[in-house]
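The next block is upload_26.txt, given as compact mmCIF, C-alpha atoms and all ligand atoms.
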# COMPACT_ATOMS: atom_id res chain seq x y z
CA MET T 1 6.76 25.97 -43.76
CA GLN T 2 4.59 28.41 -45.66
CA ASP T 3 5.60 32.01 -44.85
CA LYS T 4 2.06 33.30 -44.52
CA ILE T 5 1.12 36.77 -43.37
CA VAL T 6 0.22 37.02 -39.70
CA TYR T 7 -0.85 39.85 -37.40
CA LEU T 8 1.32 40.93 -34.47
CA ASN T 9 0.74 44.07 -32.41
CA GLY T 10 -0.70 46.25 -35.16
CA GLU T 11 1.43 44.93 -38.02
CA TYR T 12 0.91 42.39 -40.79
CA LEU T 13 4.12 40.55 -41.51
CA PRO T 14 5.44 37.21 -42.74
CA LEU T 15 5.28 34.48 -40.08
CA SER T 16 9.08 34.11 -40.18
CA GLU T 17 9.44 37.77 -39.18
CA ALA T 18 6.85 37.75 -36.37
CA LYS T 19 8.89 37.77 -33.16
CA ILE T 20 8.12 38.36 -29.50
CA SER T 21 10.39 39.00 -26.53
CA VAL T 22 11.45 36.11 -24.28
CA LEU T 23 10.12 38.28 -21.45
CA ASP T 24 6.59 38.07 -22.84
CA ARG T 25 4.42 36.76 -20.01
CA GLY T 26 2.72 34.40 -22.43
CA PHE T 27 6.08 32.70 -22.98
CA LEU T 28 7.19 32.80 -19.33
CA PHE T 29 3.94 32.01 -17.53
CA GLY T 30 1.28 31.09 -20.09
CA ASP T 31 -0.30 34.36 -18.92
CA GLY T 32 -2.70 34.77 -21.80
CA ILE T 33 -5.92 33.71 -23.44
CA TYR T 34 -6.90 32.70 -26.96
CA GLU T 35 -9.73 32.03 -29.39
CA VAL T 36 -10.12 29.68 -32.32
CA ILE T 37 -12.67 31.11 -34.76
CA PRO T 38 -13.63 29.03 -37.80
CA ALA T 39 -14.22 30.67 -41.16
CA TYR T 40 -15.98 29.16 -44.13
CA PHE T 41 -15.56 30.60 -47.62
CA GLY T 42 -13.80 33.65 -46.22
CA GLN T 43 -16.46 34.43 -43.58
CA LEU T 44 -16.00 34.14 -39.82
CA PHE T 45 -18.51 31.76 -38.23
CA CYS T 46 -20.30 32.78 -34.97
CA LEU T 47 -17.95 35.74 -34.62
CA GLU T 48 -20.04 37.56 -31.98
CA ALA T 49 -20.15 34.49 -29.75
CA HIS T 50 -16.38 33.98 -30.06
CA LEU T 51 -15.72 37.65 -29.24
CA GLN T 52 -18.06 37.47 -26.25
CA ARG T 53 -16.09 34.47 -24.94
CA LEU T 54 -12.82 36.31 -25.68
CA ASN T 55 -14.02 39.26 -23.57
CA ASN T 56 -15.10 36.90 -20.79
CA SER T 57 -11.62 35.32 -20.81
CA LEU T 58 -9.94 38.75 -20.79
CA ASN T 59 -12.10 39.88 -17.85
CA ALA T 60 -11.42 36.63 -15.99
CA ILE T 61 -7.66 37.17 -16.15
CA ARG T 62 -8.03 40.91 -15.46
CA LEU T 63 -6.54 41.96 -18.77
CA PRO T 64 -8.21 45.14 -20.00
CA LEU T 65 -8.45 45.25 -23.80
CA ALA T 66 -11.79 46.42 -25.09
CA LEU T 67 -12.05 46.25 -28.86
CA ASN T 68 -15.46 46.21 -30.50
CA THR T 69 -16.60 43.76 -33.15
CA GLN T 70 -15.70 46.10 -36.01
CA GLN T 71 -12.21 46.67 -34.62
CA TRP T 72 -11.64 42.91 -34.36
CA LEU T 73 -13.04 42.40 -37.85
CA ASP T 74 -10.66 45.04 -39.21
CA ILE T 75 -7.75 43.11 -37.66
CA LEU T 76 -8.85 39.57 -38.55
CA GLN T 77 -10.57 39.89 -41.93
CA PRO T 78 -7.36 40.68 -43.90
CA LEU T 79 -5.87 37.39 -42.66
CA LEU T 80 -8.61 35.28 -44.20
CA VAL T 81 -7.96 33.62 -47.51
CA GLU T 82 -10.70 32.77 -49.98
CA GLY T 83 -11.54 29.11 -50.07
CA ASP T 84 -13.08 26.45 -47.92
CA ALA T 85 -12.49 25.88 -44.20
CA GLN T 86 -9.99 28.04 -42.32
CA TYR T 87 -9.65 29.16 -38.73
CA ILE T 88 -8.26 32.22 -37.04
CA TYR T 89 -6.04 31.59 -34.05
CA LEU T 90 -6.09 34.73 -31.88
CA GLN T 91 -3.92 34.99 -28.78
CA ILE T 92 -3.60 37.84 -26.30
CA THR T 93 -1.00 37.79 -23.54
CA ARG T 94 -0.43 40.26 -20.73
CA GLY T 95 2.61 41.47 -22.68
CA VAL T 96 6.30 42.03 -22.05
CA ALA T 97 7.39 43.00 -18.54
CA ASP T 98 10.90 44.22 -17.72
CA LYS T 99 11.49 41.36 -15.28
CA ARG T 100 10.05 37.96 -14.43
CA ASP T 101 7.64 38.29 -11.54
CA HIS T 102 4.45 36.30 -10.96
CA ALA T 103 2.44 39.36 -9.95
CA PHE T 104 1.06 41.61 -12.71
CA PRO T 105 3.55 44.21 -13.93
CA GLU T 106 2.55 47.81 -13.37
CA HIS T 107 3.03 48.88 -16.98
CA CYS T 108 2.54 46.34 -19.71
CA LYS T 109 1.01 46.44 -23.17
CA PRO T 110 -0.87 43.28 -24.21
CA THR T 111 0.67 41.23 -27.01
CA VAL T 112 -1.93 40.51 -29.71
CA PHE T 113 -1.19 37.81 -32.25
CA ALA T 114 -3.46 36.32 -34.93
CA MET T 115 -2.95 33.95 -37.83
CA CYS T 116 -5.12 32.03 -40.24
CA SER T 117 -4.67 28.31 -40.92
CA ALA T 118 -6.54 25.72 -42.95
CA ILE T 119 -8.88 23.40 -41.05
CA ALA T 120 -7.50 20.00 -41.96
CA PRO T 121 -10.29 17.84 -43.39
CA PHE T 122 -11.24 15.40 -40.64
CA PRO T 123 -12.88 12.13 -41.71
CA ARG T 124 -15.98 12.08 -39.51
CA GLU T 125 -18.34 9.74 -41.32
CA ASN T 126 -16.73 6.55 -39.94
CA GLY T 127 -16.40 7.84 -36.38
CA VAL T 128 -13.36 7.95 -34.09
CA GLN T 129 -12.06 6.15 -31.04
CA ALA T 130 -11.82 7.77 -27.61
CA ILE T 131 -10.58 6.87 -24.16
CA THR T 132 -11.61 8.14 -20.76
CA LEU T 133 -9.10 9.78 -18.45
CA ASP T 134 -9.24 11.41 -15.06
CA ASP T 135 -9.94 15.16 -15.36
CA MET T 136 -6.96 16.43 -13.38
CA ARG T 137 -7.18 20.03 -14.65
CA TRP T 138 -7.65 23.19 -12.59
CA GLN T 139 -10.85 24.91 -11.49
CA LEU T 140 -10.90 27.66 -14.13
CA CYS T 141 -11.63 25.58 -17.23
CA SER T 142 -14.18 28.13 -18.48
CA ILE T 143 -11.32 30.53 -19.28
CA LYS T 144 -9.83 29.86 -22.71
CA ALA T 145 -6.32 30.16 -21.28
CA THR T 146 -3.15 29.39 -23.24
CA THR T 147 -1.94 27.55 -20.12
CA LEU T 148 -2.83 24.14 -21.57
CA LEU T 149 -0.28 21.71 -20.16
CA ALA T 150 -2.90 19.41 -18.60
CA ASN T 151 -4.98 19.36 -21.80
CA ILE T 152 -1.88 18.62 -23.85
CA LEU T 153 -0.87 15.68 -21.65
CA LEU T 154 -4.41 14.30 -21.76
CA ARG T 155 -4.68 14.61 -25.56
CA GLN T 156 -1.26 13.01 -26.01
CA GLU T 157 -2.30 10.07 -23.84
CA ALA T 158 -5.24 9.57 -26.22
CA VAL T 159 -3.00 9.85 -29.29
CA ASP T 160 -0.53 7.37 -27.75
CA GLN T 161 -3.45 4.92 -27.54
CA ALA T 162 -4.39 5.55 -31.20
CA CYS T 163 -7.46 7.56 -30.16
CA ALA T 164 -8.74 10.92 -31.40
CA GLU T 165 -9.61 12.31 -27.99
CA ALA T 166 -9.71 11.75 -24.24
CA ILE T 167 -13.09 12.20 -22.54
CA LEU T 168 -12.46 13.50 -19.06
CA LEU T 169 -14.14 12.09 -15.95
CA LYS T 170 -14.50 13.81 -12.62
CA GLU T 171 -16.15 12.31 -9.54
CA GLY T 172 -18.27 9.91 -11.58
CA TYR T 173 -19.41 12.19 -14.41
CA ALA T 174 -18.03 13.39 -17.76
CA THR T 175 -16.87 16.99 -18.09
CA GLU T 176 -15.54 17.45 -21.66
CA GLY T 177 -12.79 16.32 -24.01
CA ALA T 178 -9.16 17.47 -23.78
CA ALA T 179 -9.96 20.01 -26.53
CA SER T 180 -13.67 19.51 -27.20
CA ASN T 181 -17.09 19.37 -25.57
CA VAL T 182 -18.96 16.11 -25.11
CA PHE T 183 -22.50 14.99 -25.94
CA ALA T 184 -24.09 11.60 -25.27
CA VAL T 185 -27.37 10.04 -26.38
CA VAL T 186 -28.77 8.13 -23.40
CA ASP T 187 -32.24 6.53 -23.56
CA ASP T 188 -32.87 8.55 -26.76
CA ILE T 189 -32.12 11.87 -25.04
CA LEU T 190 -29.20 14.03 -26.17
CA ILE T 191 -27.28 15.25 -23.11
CA THR T 192 -24.40 17.68 -22.71
CA PRO T 193 -22.97 19.01 -19.45
CA ALA T 194 -24.08 22.46 -18.28
CA ASN T 195 -21.61 25.32 -18.51
CA SER T 196 -19.60 25.73 -15.31
CA ASN T 197 -16.03 26.37 -14.24
CA GLU T 198 -15.35 22.72 -15.14
CA ILE T 199 -15.73 23.10 -18.91
CA LEU T 200 -15.03 25.53 -21.70
CA PRO T 201 -18.32 27.04 -22.93
CA GLY T 202 -17.95 25.76 -26.48
CA ILE T 203 -19.42 27.76 -29.33
CA THR T 204 -20.04 24.61 -31.40
CA ARG T 205 -21.82 23.16 -28.35
CA ASP T 206 -24.14 26.20 -28.20
CA VAL T 207 -24.99 25.90 -31.91
CA ILE T 208 -25.86 22.22 -31.43
CA ILE T 209 -28.03 22.90 -28.36
CA ASP T 210 -29.96 25.55 -30.33
CA LEU T 211 -30.35 23.31 -33.37
CA ALA T 212 -31.62 20.45 -31.18
CA LYS T 213 -34.19 22.75 -29.52
CA VAL T 214 -35.36 24.42 -32.73
CA ASN T 215 -35.78 21.04 -34.40
CA GLY T 216 -37.70 19.47 -31.51
CA MET T 217 -35.07 16.88 -30.61
CA SER T 218 -35.09 15.41 -27.08
CA MET T 219 -32.32 17.28 -25.36
CA ARG T 220 -31.14 17.88 -21.81
CA VAL T 221 -28.34 20.07 -20.47
CA GLY T 222 -27.03 18.36 -17.35
CA LEU T 223 -24.79 15.71 -15.88
CA ILE T 224 -23.59 12.80 -17.97
CA LEU T 225 -22.92 10.14 -15.33
CA GLU T 226 -20.00 7.85 -16.11
CA ALA T 227 -22.37 4.86 -16.02
CA ASP T 228 -24.61 6.58 -18.61
CA LEU T 229 -21.63 7.51 -20.79
CA ARG T 230 -20.68 3.83 -20.83
CA ARG T 231 -24.16 2.71 -21.91
CA ALA T 232 -24.83 5.65 -24.28
CA SER T 233 -26.03 4.74 -27.77
CA GLU T 234 -24.04 7.67 -29.20
CA ILE T 235 -21.20 9.90 -28.02
CA TRP T 236 -20.04 13.02 -29.88
CA LEU T 237 -17.17 15.44 -29.44
CA THR T 238 -17.54 19.00 -30.67
CA SER T 239 -15.16 21.84 -31.44
CA SER T 240 -14.61 24.63 -33.93
CA THR T 241 -11.94 22.73 -35.83
CA ARG T 242 -13.49 19.24 -35.74
CA GLU T 243 -17.19 20.22 -35.76
CA ILE T 244 -19.19 17.17 -34.56
CA LEU T 245 -17.19 13.97 -34.24
CA PRO T 246 -19.03 10.72 -33.55
CA VAL T 247 -17.21 8.37 -31.17
CA ILE T 248 -17.62 4.69 -32.04
CA THR T 249 -15.45 3.11 -29.36
CA LEU T 250 -14.85 4.22 -25.79
CA ASP T 251 -11.99 2.52 -23.95
CA ASN T 252 -11.93 -0.09 -26.74
CA LYS T 253 -15.60 -1.02 -26.25
CA PRO T 254 -18.20 -0.21 -28.93
CA VAL T 255 -20.44 2.80 -28.32
CA GLY T 256 -23.98 1.55 -29.02
CA ASP T 257 -23.65 -0.86 -31.93
CA GLY T 258 -20.20 0.52 -32.76
CA GLN T 259 -21.51 2.42 -35.80
CA VAL T 260 -22.10 6.12 -36.35
CA GLY T 261 -25.61 6.68 -34.95
CA PRO T 262 -28.84 8.15 -36.39
CA VAL T 263 -28.97 11.16 -34.04
CA TRP T 264 -25.48 12.21 -35.18
CA LYS T 265 -26.55 11.86 -38.83
CA THR T 266 -29.54 14.14 -38.21
CA MET T 267 -27.44 16.71 -36.32
CA GLN T 268 -24.63 16.60 -38.87
CA LYS T 269 -27.14 17.48 -41.61
CA LEU T 270 -28.68 20.29 -39.53
CA PHE T 271 -25.24 21.68 -38.67
CA GLN T 272 -24.04 21.71 -42.29
CA GLU T 273 -27.29 23.40 -43.37
CA TYR T 274 -26.93 25.97 -40.59
CA LYS T 275 -23.37 26.77 -41.68
CA ARG T 276 -24.56 27.46 -45.21
CA GLU T 277 -27.52 29.54 -43.99
CA VAL T 278 -25.59 31.92 -41.77
CA LEU T 279 -22.75 32.62 -44.19
N1 LIG T 301 -10.51 24.01 -28.51
N2 LIG T 301 -13.31 22.39 -24.61
C1 LIG T 301 -12.00 22.60 -24.72
C2 LIG T 301 -11.11 22.27 -23.57
C3 LIG T 301 -11.47 23.12 -25.93
O1 LIG T 301 -10.15 23.36 -26.03
C4 LIG T 301 -12.35 23.39 -27.01
C5 LIG T 301 -11.87 23.93 -28.32
C6 LIG T 301 -13.72 23.14 -26.84
C7 LIG T 301 -14.72 23.42 -27.93
O2 LIG T 301 -14.97 24.82 -28.06
P1 LIG T 301 -15.42 25.45 -29.45
O3 LIG T 301 -16.62 24.68 -29.91
O4 LIG T 301 -15.74 26.85 -29.13
O5 LIG T 301 -14.26 25.31 -30.41
C8 LIG T 301 -14.16 22.65 -25.63
C9 LIG T 301 -9.93 24.68 -29.67
C10 LIG T 301 -10.50 24.27 -30.97
C11 LIG T 301 -8.42 24.61 -29.58
O6 LIG T 301 -7.93 24.72 -28.48
O7 LIG T 301 -7.74 24.50 -30.60

Show me the file's structure as structure tokens.
Amino acid sequence: MQDKIVYLNGEYLPLSEAKISVLDRGFLFGDGIYEVIPAYFGQLFCLEAHLQRLNNSLNAIRLPLALNTQQWLDILQPLLVEGDAQYIYLQITRGVADKRDHAFPEHCKPTVFAMCSAIAPFPRENGVQAITLDDMRWQLCSIKATTLLANILLRQEAVDQACAEAILLKEGYATEGAASNVFAVVDDILITPANSNEILPGITRDVIIDLAKVNGMSMRVGLILEADLRRASEIWLTSSTREILPVITLDNKPVGDGQVGPVWKTMQKLFQEYKREVL
């Protein structure tokens, strides 16, 4: 393992020397939140939007830690390495308490950890396979919580079936992927579910919605019924580390004609152009 430099509680140190207490509430309870911020050619992408979501997550778990954009930049920028696609993983837990107790400790200093990793090149052009699974997660999916056991089990079920992702279904409609948002093209209209407590408000999702609007594409933010998902001509999964992934089979059946679709090709081009423009 490469002994890269990471950030932990005000210090930059080799990964092998970055240690936290076993009493950290992140370790004991998953009492923490995180962000995954992509960076291209050494520049953080959509930083403000990621920091806004970070603050929303902190507020939602009642963890006061108010750093401004410049303060976060000062912490994160030194971790970035020159080169192509990287991402910052940033995690904040409620910190180390002197005993294990579910209720918040009275005095506790948040643990702040950040590291930079390469975004592994993901072959998108040929599309990926996905399965559907029952969305059995909790009712606070809009918080980017480190408590990810349900998501992990769902993703692993997909991997066990040689699929890239599980698309989650709840009461007859699609919510999101185990670690991604979902889009479908139904009757030539691009649809993605509205933000709610049932999904993570994805930053990649927001960029795509804006690009679709600005470029006059037919787009709707609303329910994707399971029946519509199953007859969609295109399905995409979006996230900061995988960008826009076209799904060519769902539950072993072809999506549309089983090829990467034209709407994805248009959006892929717009997204790559946008990345270059804003950097
Ligand atoms: N996950 N929904 C869930 C449940 C996710 O975990 C993610 C991203 C997304 C997409 O959000 P964004 O476009 O902001 O990356 C949606 C990250 C990449 C992760 O957990 O590693």

* So which one's closest to Ile167 of chain T, T:Ile203, T:Ala194, T:Ile235, T:Cys108? Using only C-alpha atoms, please. -> T:Ile235

* Structure fact -> Counting all atoms listed in the file, closest pick from T:Gly177, T:Gly256, T:Pro38, T:Gly10 relative to Lys275 of chain T is T:Pro38

* To do: Produce as a PyMOL selection string the set of residues near ligand LIG 301 (chain T), where near means within 9 Å with all atoms listed in the file considered.
  => chain T and resi 34-38+49-50+53+89+141-142+144+146+148+151+176-182+199-207+237-243

* Nearest candidate to Leu133 of chain T (options T:Asp251, T:Glu11, T:Asp257, T:Asp84; using all atoms listed in the file) ->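 Looking at the shortest contact to Leu133 of chain T, the residue is T:Asp251.
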
* Could you give me, as a ChimeraX atom specification, the residues within 12 Å of Leu44 of chain T, counting all atoms listed in the file and dropping anything in the same chain fewer than 3 positions from it? => /T:36-41,47-51,69,72-73,76-82,84-89,116,240,275,278-279

* Using all atoms listed in the file, which of T:Ala114, T:Leu140, T:Leu169, T:Ala150 sits nearest Ala227 of chain T? -> T:Leu169

* What does the distance from atom CA of Asn126 of chain T to atom CA of Val247 of chain T come to in Å, to one decimal? ->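 The value is 9.0 Å.
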
For segment 224-243 of chain T, what centre and edge lengths in Å (one decimal) does the axis-aligned box get once 5 Å is added on each side of all its listed atoms, as AutoDock Vina command-line options?
--center_x -19.0 --center_y 13.7 --center_z -25.6 --size_x 24.1 --size_y 31.9 --size_z 30.5

* Selection near Gln161 of chain T, 10 Å with all atoms listed in the file, sequence-local residues under 2 positions removed, as a PyMOL selection string -> chain T and resi 129-131+155-159+163-166+251-252

Keeping C-alpha atoms, export the residues of the selection given above as a PDB file, in the frame of the given file.
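So the final result, stored in out04.pdb, reads:
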ATOM      1  CA  GLN T 129     -12.060   6.150 -31.040  1.00  0.00           C
ATOM      2  CA  ALA T 130     -11.820   7.770 -27.610  1.00  0.00           C
ATOM      3  CA  ILE T 131     -10.580   6.870 -24.160  1.00  0.00           C
ATOM      4  CA  ARG T 155      -4.680  14.610 -25.560  1.00  0.00           C
ATOM      5  CA  GLN T 156      -1.260  13.010 -26.010  1.00  0.00           C
ATOM      6  CA  GLU T 157      -2.300  10.070 -23.840  1.00  0.00           C
ATOM      7  CA  ALA T 158      -5.240   9.570 -26.220  1.00  0.00           C
ATOM      8  CA  VAL T 159      -3.000   9.850 -29.290  1.00  0.00           C
ATOM      9  CA  CYS T 163      -7.460   7.560 -30.160  1.00  0.00           C
ATOM     10  CA  ALA T 164      -8.740  10.920 -31.400  1.00  0.00           C
ATOM     11  CA  GLU T 165      -9.610  12.310 -27.990  1.00  0.00           C
ATOM     12  CA  ALA T 166      -9.710  11.750 -24.240  1.00  0.00           C
ATOM     13  CA  ASP T 251     -11.990   2.520 -23.950  1.00  0.00           C
ATOM     14  CA  ASN T 252     -11.930  -0.090 -26.740  1.00  0.00           C
TER      15      ASN T 252
END

* Asked: Between T:Leu245, T:Ala184, T:Ile119, T:Ile143, which one has atoms that come closest to Asn197 of chain T, using only C-alpha atoms?
  ->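 Closest to Asn197 of chain T, using only C-alpha atoms: T:Ile143.
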
* Lys4 of chain T surroundings by all atoms listed in the file, 10 Å radius, close-in-sequence under 4 positions cut, as a list in words ->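 The residues satisfying every condition are Tyr12, Leu13, Pro14, Leu15, Ser16, Leu79, Met115, Cys116 and Ser117 of chain T.
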
* Structure fact -> In Å and to one decimal, atom CA of Leu23 of chain T is distant from atom CA of Val96 of chain T by 5.4 Å

* To do: With a distance cut-off of 7 Å and all atoms listed in the file, select the neighbouring residues of Asp24 of chain T, excluding the residue or stretch itself and same-chain residues fewer than 2 positions from it, and output the selection as a ChimeraX atom specification.
  => /T:20-22,26-28,95-97

Residue subset to file, keeping C-alpha atoms, as a PDB file, in the frame of the given file:
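File written: result_31.pdb
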ATOM      1  CA  ILE T  20       8.120  38.360 -29.500  1.00  0.00           C
ATOM      2  CA  SER T  21      10.390  39.000 -26.530  1.00  0.00           C
ATOM      3  CA  VAL T  22      11.450  36.110 -24.280  1.00  0.00           C
ATOM      4  CA  GLY T  26       2.720  34.400 -22.430  1.00  0.00           C
ATOM      5  CA  PHE T  27       6.080  32.700 -22.980  1.00  0.00           C
ATOM      6  CA  LEU T  28       7.190  32.800 -19.330  1.00  0.00           C
ATOM      7  CA  GLY T  95       2.610  41.470 -22.680  1.00  0.00           C
ATOM      8  CA  VAL T  96       6.300  42.030 -22.050  1.00  0.00           C
ATOM      9  CA  ALA T  97       7.390  43.000 -18.540  1.00  0.00           C
TER      10      ALA T  97
END
